[in-house]
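Encoded as structure tokens, the structure appears first; notes follow it.
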Amino acid sequence: MSHQRVRLFVTGRVQGVFFRQSLKAKSIQNDVFGWVKNLQDGRVECLLEGNEENISILVKWAHDGPANAIVENVEVHNEKFDNEFTKFDVLY
């Protein structure tokens with residue numbers, strides 16, 4: 001099973017709706033590591049590393065987000081996997 005690293009930029013009503021905390025919980029459930037943070041322009045950015053199948057679960061989830069989110073767009077940027085992370089963090 002191959003590993004993957006993706007950077008997501010999620011646009012919409014994604015701040016103040018527990019997007020980061022929900023993504024962290026979903027990442028831990030799926031053995032995906034990295035981080036998530038709010039951006040000043042209202043988007044959420046996240047960097048995810050894990051196996052392709054688990055990453056795809058999270059990318060799919062990000063298109064809907066938690067119950068109160070309204071996701072308008074998800075930009076997915078593939079990056080070189082380098083096994084940088086050993087946990088998942090919510091950055092502030």
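Lettering and numbering for the structure tokens are positional, with chains as A, B, ... in the shown order, residues counted from 1 in each chain, and ligands counted from 1 in the shown order.
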Go through segment 19-91 of chain A and collect every residue that DSSP, computed from the backbone, puts in strand (DSSP E or B); the answer should be as a count of residues only.
-> 28
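The residue set within 12 Å of Asn54 of chain A, counting only C-alpha atoms and dropping same-chain residues fewer than 6 places from it, reads A:Met1, A:Ser2, A:His3, A:Gln4, A:Arg5, A:Val6, A:Lys26, A:Ser27, A:Ile28, A:Gln29, A:Asn30, A:Asp31, A:Val32, A:Phe33, A:Leu48, A:Lys60, A:Trp61.
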Near Val90 of chain A, within 10 Å and counting only C-alpha atoms, which residues show up once chain neighbours fewer than 5 positions away are dropped, as a PyMOL selection string?
-> chain A and resi 20-21+23-24+34-38+46
Using only C-alpha atoms, which residue out of A:Glu49, A:Leu39, A:Ala25, A:Glu72 lies closest to Arg13 of chain A?
-> A:Glu72
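Proximity ranking of A:Glu84, A:Asp64, A:Glu75, A:Asp89 relative to Val17 of chain A places A:Asp64 first, based on only C-alpha atoms.
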Apply DSSP to the backbone of this structure and, from segment 9-73 of chain A, keep only the residues in helix (DSSP H, G or I); write these as a ChimeraX atom specification.
-> /A:19-29,52-62
Could those residues be written to a file, using C-alpha atoms, as a PDB file, in the first residue's frame?
ATOM      1  CA  PHE A  19     -13.884  21.622  11.453  1.00  0.00           C
ATOM      2  CA  ARG A  20     -10.347  21.346  12.830  1.00  0.00           C
ATOM      3  CA  GLN A  21     -11.301  19.232  15.838  1.00  0.00           C
ATOM      4  CA  SER A  22     -13.516  16.971  13.716  1.00  0.00           C
ATOM      5  CA  LEU A  23     -10.753  16.514  11.145  1.00  0.00           C
ATOM      6  CA  LYS A  24      -8.315  15.617  13.916  1.00  0.00           C
ATOM      7  CA  ALA A  25     -10.674  12.946  15.260  1.00  0.00           C
ATOM      8  CA  LYS A  26     -11.263  11.557  11.758  1.00  0.00           C
ATOM      9  CA  SER A  27      -7.501  11.549  11.105  1.00  0.00           C
ATOM     10  CA  ILE A  28      -6.752   9.663  14.302  1.00  0.00           C
ATOM     11  CA  GLN A  29      -9.448   7.081  13.443  1.00  0.00           C
ATOM     12  CA  GLU A  52      -3.682   6.422   0.001  1.00  0.00           C
ATOM     13  CA  GLU A  53      -6.903   4.736   1.082  1.00  0.00           C
ATOM     14  CA  ASN A  54      -7.056   6.587   4.410  1.00  0.00           C
ATOM     15  CA  ILE A  55      -6.104   9.909   2.824  1.00  0.00           C
ATOM     16  CA  SER A  56      -8.931   9.511   0.310  1.00  0.00           C
ATOM     17  CA  ILE A  57     -11.397   8.958   3.171  1.00  0.00           C
ATOM     18  CA  LEU A  58     -10.314  12.270   4.718  1.00  0.00           C
ATOM     19  CA  VAL A  59     -10.363  14.179   1.428  1.00  0.00           C
ATOM     20  CA  LYS A  60     -13.890  12.915   0.793  1.00  0.00           C
ATOM     21  CA  TRP A  61     -14.908  13.903   4.346  1.00  0.00           C
ATOM     22  CA  ALA A  62     -13.431  17.399   3.861  1.00  0.00           C
TER      23      ALA A  62
END
